[in-house]
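To keep things clear, I will list the structure first and then write my remarks on it.
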Amino acid sequence: MPALFYLLSMHKQTWNQILAQISFSVDQLQFDTWFKQLSPVDNASSNVLTLQTHNKFISDFLEQNYKSLILKCAQSISADIEDIHFRFGNGAHPTVNKNLTDTRALSPDFIKRHTETSNQYKEIPASRLNKRFIFDSFVVGSGNEFARSAATAVAEAPGKTKFNPLLIYGGVGLGKTHLLQAIGNFIHSLDQGFTVSYLTSEEFYLEFIDAIKNNVAKKFSQKYRTSDVLLVDDVQFFSGKESTQEEFFYVFNTLYQNGKQIVLTSDLPPSSLKGLQDRLISRFQWGLCVDIQPPDLETRVAILKRKAEEDNLNIPENVLYFIAENISSNIRELEGVIIRLLAYASITKSDITIDLVQSLLKKTMDKGKSKISIDEIIEKVSDYYKVPQNHVREKNRRKEVALCRQIAMYITKSITNYSLKTIGLNFGGRDHSTVIHAIQQVEKLKDKDESILQDVNYIISMFKD
Ligand code: ADP
Ligand code: MG
């Protein structure tokens, strides 16, 4: 029963990918306690993921506390999953994951290789796009606007622009896969009958090797040569795989000659890709190569805002800035923060504050980010408002001094890790409730008065390196 076997192994594989996703969102202890021993149960509805555990307490706890997190992680792997059910029973089998002691270290591809044991030819479905990756959910900033424009142009007229192939390159977690799949999703949504194939270069490689083993290389080679749009993610993985490169070279040529659209992503510009044949590298450069740069502070805040809104999560502006200041390299990590906050907020029902974020994110935060001193902040804020620094540090009650002091306290809390107590001490020996009051005042003012909002954002931006 090859079809059934394929379904079952897909099932396990999908679950292990979901587990890996969850492991990024919770700490090791939570992961080991609640998730590690779960196993998926095959059921009639493919839209419901049923998870089984041997302990009723665990299944109840998960239902109450982690359902939305699991659903979110599951949907990021398979958009078809609409609901999660829990059940407990003695049949629960903790072995699905027995080789995976630390899924954090494992890529989905690794997991896939270690969970698939059949030597049957496993054809990858031509299109398995994640519905979440669309242009509308892609926040545009200076680092990615060119890539996004090129991607939109290609999606609107596949094969008809000069951007063929389009190659998008850039660092990890900056949105390459998102844009690539957005092209596919957009073309699908046009419903003009285009065949869109999306796959990673590793999948191309694995499928090719499988096809050879099973004597169906011809079938494989036909499959991608008949695509109207071929989207290949992470082409750097072709490195050193000579026969796969050979096969891809022919696929590329056939599609290109027939005016079909090719879009590729890679972690480096083609000229820096090692272990790739020159003829491939030169073809990758025939069309347009665009890079994605890490997002600036404002874009990071905009991305966080968007993600928080999508999850109905209310995160105060200062906390958004605090997160964006401290996590600057990778959008995937920004998302991870939102997922953690979502899990935390749904368990504790408490407000999201900088202190909370700080304690949840100890490990994720960029090292050294909070080394800005309170003196530097007082200096900048005093200069900006033309108020003597010593007045800000002392108990001067003049209105403009008080405002300047409140803003300095607010900024200190937003962009450093100092405790309320330390902040109070640095502003004329005030206690922590005065600092809280100052922060609340500034938050209110920012809501009411656009110029205060701009001042605060501007001063915060001066501390960006
Ligand atoms: P890459 O392929 O470059 O490693 P991804 O495309 O997988 O990165 O992006 C990582 C995560 O960050 C994804 O969930 C994606 O939706 C999100 N992301 C990346 N860039 C943006 C953006 N500009 N706006 C919104 N979300 C983004
Ligand atoms: Mg990617």
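Residue numbers start at 1 in each chain; chains themselves are named A, B, ... in the order of the structure tokens; ligands are numbered from 1 in the order shown.
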
- Message: So that I can check the surroundings of Lys160 in chain A, please list as a PyMOL selection string every protein, DNA and RNA residue that reaches within 9 Å of it, counting only C-alpha atoms and ignoring chain neighbours fewer than 6 positions away.
- Response: chain A and resi 154+259-261

Writer output for current selection, C-alpha atoms, as a PDB file, in the first residue's frame:
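Below is the file that was written, again-v4.pdb:
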```pdb
ATOM      1  CA  VAL A 154       7.675  38.518 -11.481  1.00  0.00           C
ATOM      2  CA  GLY A 259      10.055  31.342 -21.355  1.00  0.00           C
ATOM      3  CA  LYS A 260       9.040  29.855 -18.026  1.00  0.00           C
ATOM      4  CA  GLN A 261       9.748  31.748 -14.825  1.00  0.00           C
TER       5      GLN A 261
END
```

- Item | Surrounding residues of range 335-340 of chain A excluding itself and chain neighbours under 3 positions, 6 Å, only C-alpha atoms, as a PyMOL selection string | chain A and resi 25+332+343

- Every residue of range 40-281 of chain A that DSSP places in helix (DSSP H, G or I), as a VMD selection string: chain A and resid 56 to 65 67 to 77 103 to 105 108 to 115 135 to 137 145 to 156 176 to 190 201 to 213 217 to 225 235 to 238 242 to 257 270 to 272 278 to 281

- Task: Name the residues in contact with Leu361 in chain A at a cut-off of 12 Å, using only C-alpha atoms, excluding same-chain residues fewer than 3 positions from it; report them as number ranges by chain.
- Result: A: 24-27, 322-323, 326-327, 333-334, 336-341, 344, 354-358, 364-367, 417

Restrict the calculation to only C-alpha atoms and all ligand atoms, then for each residue of chain A with any atom at most 8 Å from an atom of ligand 1 give the closest atom pair and their distance in Å to one decimal, rows by chain and rising residue number, as a Markdown table.
```
| residue | atom | partner | partner_atom_place_in_ligand_line | distance |
| --- | --- | --- | --- | --- |
| A:Ser76 | CA | ligand 1 | 14 (O) | 7.8 |
| A:Arg132 | CA | ligand 1 | 16 (O) | 7.2 |
| A:Phe133 | CA | ligand 1 | 16 (O) | 5.9 |
| A:Ser137 | CA | ligand 1 | 25 (C) | 5.6 |
| A:Phe138 | CA | ligand 1 | 24 (N) | 3.6 |
| A:Val139 | CA | ligand 1 | 24 (N) | 3.7 |
| A:Val140 | CA | ligand 1 | 23 (N) | 5.4 |
| A:Gly141 | CA | ligand 1 | 23 (N) | 7.1 |
| A:Asn144 | CA | ligand 1 | 23 (N) | 6.9 |
| A:Tyr169 | CA | ligand 1 | 3 (O) | 7.9 |
| A:Gly170 | CA | ligand 1 | 3 (O) | 6.5 |
| A:Gly171 | CA | ligand 1 | 3 (O) | 6.1 |
| A:Val172 | CA | ligand 1 | 4 (O) | 3.9 |
| A:Gly173 | CA | ligand 1 | 4 (O) | 3.3 |
| A:Leu174 | CA | ligand 1 | 3 (O) | 3.9 |
| A:Gly175 | CA | ligand 1 | 6 (O) | 3.1 |
| A:Lys176 | CA | ligand 1 | 3 (O) | 3.7 |
| A:Thr177 | CA | ligand 1 | 6 (O) | 3.6 |
| A:His178 | CA | ligand 1 | 6 (O) | 3.7 |
| A:Leu179 | CA | ligand 1 | 6 (O) | 6.5 |
| A:Leu180 | CA | ligand 1 | 6 (O) | 7.8 |
| A:Asp233 | CA | ligand 1 | 2 (O) | 7.8 |
| A:Asp234 | CA | ligand 1 | 2 (O) | 7.9 |
| A:Thr265 | CA | ligand 1 | 2 (O) | 7.9 |
| A:Asp267 | CA | ligand 1 | 3 (O) | 7.8 |
| A:Pro295 | CA | ligand 1 | 23 (N) | 7.8 |
| A:Thr299 | CA | ligand 1 | 23 (N) | 7.8 |
| A:Ile303 | CA | ligand 1 | 25 (C) | 5.4 |
| A:Arg306 | CA | ligand 1 | 25 (C) | 7.5 |
| A:Lys307 | CA | ligand 1 | 25 (C) | 7.5 |
| A:Asn330 | CA | ligand 1 | 12 (O) | 7.6 |
| A:Ile331 | CA | ligand 1 | 12 (O) | 4.5 |
| A:Arg332 | CA | ligand 1 | 11 (C) | 4.1 |
| A:Glu333 | CA | ligand 1 | 12 (O) | 7.7 |
| A:Leu334 | CA | ligand 1 | 12 (O) | 7.6 |
| A:Glu335 | CA | ligand 1 | 12 (O) | 6.5 |
```

Next, dump the selected residues to file, keeping only N, CA and C atoms, as an mmCIF file, in the first residue's frame.
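Saved result, result-v6.cif, follows:
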```cif
data_model
loop_
_atom_site.group_PDB
_atom_site.id
_atom_site.type_symbol
_atom_site.label_atom_id
_atom_site.label_comp_id
_atom_site.auth_asym_id
_atom_site.auth_seq_id
_atom_site.Cartn_x
_atom_site.Cartn_y
_atom_site.Cartn_z
ATOM 1 N N SER A 76 2.184 26.746 10.652
ATOM 2 C CA SER A 76 3.355 27.251 9.938
ATOM 3 C C SER A 76 4.011 26.131 9.128
ATOM 4 N N ARG A 132 0.505 31.318 4.625
ATOM 5 C CA ARG A 132 0.868 32.479 5.442
ATOM 6 C C ARG A 132 1.859 33.400 4.695
ATOM 7 N N PHE A 133 2.618 32.810 3.764
ATOM 8 C CA PHE A 133 3.644 33.595 3.083
ATOM 9 C C PHE A 133 3.052 34.290 1.860
ATOM 10 N N SER A 137 1.343 40.046 3.864
ATOM 11 C CA SER A 137 1.861 39.926 5.232
ATOM 12 C C SER A 137 3.357 40.230 5.293
ATOM 13 N N PHE A 138 3.914 40.676 4.179
ATOM 14 C CA PHE A 138 5.348 40.971 4.141
ATOM 15 C C PHE A 138 5.551 42.464 4.386
ATOM 16 N N VAL A 139 6.175 42.782 5.493
ATOM 17 C CA VAL A 139 6.369 44.196 5.841
ATOM 18 C C VAL A 139 7.575 44.735 5.072
ATOM 19 N N VAL A 140 7.355 45.859 4.390
ATOM 20 C CA VAL A 140 8.414 46.388 3.536
ATOM 21 C C VAL A 140 9.218 47.455 4.277
ATOM 22 N N GLY A 141 10.520 47.371 4.170
ATOM 23 C CA GLY A 141 11.409 48.378 4.749
ATOM 24 C C GLY A 141 12.560 48.587 3.782
ATOM 25 N N ASN A 144 14.480 45.488 2.286
ATOM 26 C CA ASN A 144 13.886 44.440 1.441
ATOM 27 C C ASN A 144 12.984 44.972 0.327
ATOM 28 N N TYR A 169 18.930 36.856 -2.569
ATOM 29 C CA TYR A 169 19.880 36.307 -1.596
ATOM 30 C C TYR A 169 19.953 37.181 -0.352
ATOM 31 N N GLY A 170 20.384 36.563 0.743
ATOM 32 C CA GLY A 170 20.502 37.294 2.012
ATOM 33 C C GLY A 170 20.614 36.321 3.172
ATOM 34 N N GLY A 171 20.842 36.889 4.359
ATOM 35 C CA GLY A 171 21.096 36.073 5.554
ATOM 36 C C GLY A 171 19.873 35.286 6.026
ATOM 37 N N VAL A 172 20.107 34.498 7.039
ATOM 38 C CA VAL A 172 19.064 33.617 7.581
ATOM 39 C C VAL A 172 17.923 34.412 8.205
ATOM 40 N N GLY A 173 16.706 33.966 7.936
ATOM 41 C CA GLY A 173 15.542 34.541 8.615
ATOM 42 C C GLY A 173 15.195 35.947 8.168
ATOM 43 N N LEU A 174 15.601 36.336 6.967
ATOM 44 C CA LEU A 174 15.315 37.704 6.524
ATOM 45 C C LEU A 174 14.153 37.777 5.542
ATOM 46 N N GLY A 175 13.534 36.646 5.229
ATOM 47 C CA GLY A 175 12.326 36.712 4.409
ATOM 48 C C GLY A 175 12.464 36.177 2.991
ATOM 49 N N LYS A 176 13.533 35.434 2.705
ATOM 50 C CA LYS A 176 13.704 34.920 1.339
ATOM 51 C C LYS A 176 12.611 33.901 0.997
ATOM 52 N N THR A 177 12.433 32.943 1.915
ATOM 53 C CA THR A 177 11.409 31.919 1.662
ATOM 54 C C THR A 177 10.022 32.558 1.600
ATOM 55 N N HIS A 178 9.809 33.525 2.464
ATOM 56 C CA HIS A 178 8.509 34.212 2.478
ATOM 57 C C HIS A 178 8.228 34.833 1.097
ATOM 58 N N LEU A 179 9.208 35.563 0.575
ATOM 59 C CA LEU A 179 8.986 36.211 -0.734
ATOM 60 C C LEU A 179 8.822 35.179 -1.847
ATOM 61 N N LEU A 180 9.647 34.139 -1.790
ATOM 62 C CA LEU A 180 9.599 33.110 -2.835
ATOM 63 C C LEU A 180 8.212 32.461 -2.871
ATOM 64 N N ASP A 233 14.276 27.017 -3.415
ATOM 65 C CA ASP A 233 14.760 27.696 -2.214
ATOM 66 C C ASP A 233 16.151 27.180 -1.837
ATOM 67 N N ASP A 234 17.018 28.089 -1.429
ATOM 68 C CA ASP A 234 18.332 27.726 -0.861
ATOM 69 C C ASP A 234 19.214 26.951 -1.833
ATOM 70 N N THR A 265 16.464 31.246 -4.412
ATOM 71 C CA THR A 265 17.006 31.998 -3.279
ATOM 72 C C THR A 265 18.314 31.343 -2.868
ATOM 73 N N ASP A 267 21.796 31.913 0.219
ATOM 74 C CA ASP A 267 22.271 32.703 1.359
ATOM 75 C C ASP A 267 23.392 33.647 0.972
ATOM 76 N N PRO A 295 16.599 44.075 8.635
ATOM 77 C CA PRO A 295 15.693 45.224 8.774
ATOM 78 C C PRO A 295 16.212 46.256 9.774
ATOM 79 N N THR A 299 11.598 49.093 10.815
ATOM 80 C CA THR A 299 10.988 47.940 10.142
ATOM 81 C C THR A 299 10.766 46.802 11.138
ATOM 82 N N ILE A 303 7.292 45.087 11.881
ATOM 83 C CA ILE A 303 7.070 43.641 11.750
ATOM 84 C C ILE A 303 6.457 43.095 13.040
ATOM 85 N N ARG A 306 2.853 44.058 13.317
ATOM 86 C CA ARG A 306 2.026 43.274 12.418
ATOM 87 C C ARG A 306 1.767 41.875 12.986
ATOM 88 N N LYS A 307 2.835 41.258 13.484
ATOM 89 C CA LYS A 307 2.690 39.893 14.007
ATOM 90 C C LYS A 307 1.803 39.901 15.255
ATOM 91 N N ASN A 330 17.471 38.958 13.099
ATOM 92 C CA ASN A 330 16.750 37.885 12.442
ATOM 93 C C ASN A 330 15.240 37.993 12.694
ATOM 94 N N ILE A 331 14.479 37.997 11.602
ATOM 95 C CA ILE A 331 13.029 38.169 11.751
ATOM 96 C C ILE A 331 12.393 36.918 12.352
ATOM 97 N N ARG A 332 12.998 35.784 12.086
ATOM 98 C CA ARG A 332 12.460 34.555 12.664
ATOM 99 C C ARG A 332 12.505 34.629 14.192
ATOM 100 N N GLU A 333 13.552 35.236 14.716
ATOM 101 C CA GLU A 333 13.640 35.372 16.170
ATOM 102 C C GLU A 333 12.605 36.359 16.698
ATOM 103 N N LEU A 334 12.354 37.408 15.930
ATOM 104 C CA LEU A 334 11.312 38.355 16.347
ATOM 105 C C LEU A 334 9.978 37.624 16.456
ATOM 106 N N GLU A 335 9.725 36.768 15.467
ATOM 107 C CA GLU A 335 8.479 35.992 15.497
ATOM 108 C C GLU A 335 8.429 35.058 16.687
#
```

- Using only C-alpha atoms and all ligand atoms, pick whichever of A:Trp34, A:Phe135, A:Phe88, A:Phe237 has the shortest atom-to-atom distance to ligand 2.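 Counting only C-alpha atoms and all ligand atoms, the residue closest to ligand 2 is A:Phe237.
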
- Message: Given only C-alpha atoms and all ligand atoms as the basis, pick out the residue of A:Ile415, A:Gln406, A:Asn258, A:Ser201 nearest to ligand 2.
- Response: A:Ser201
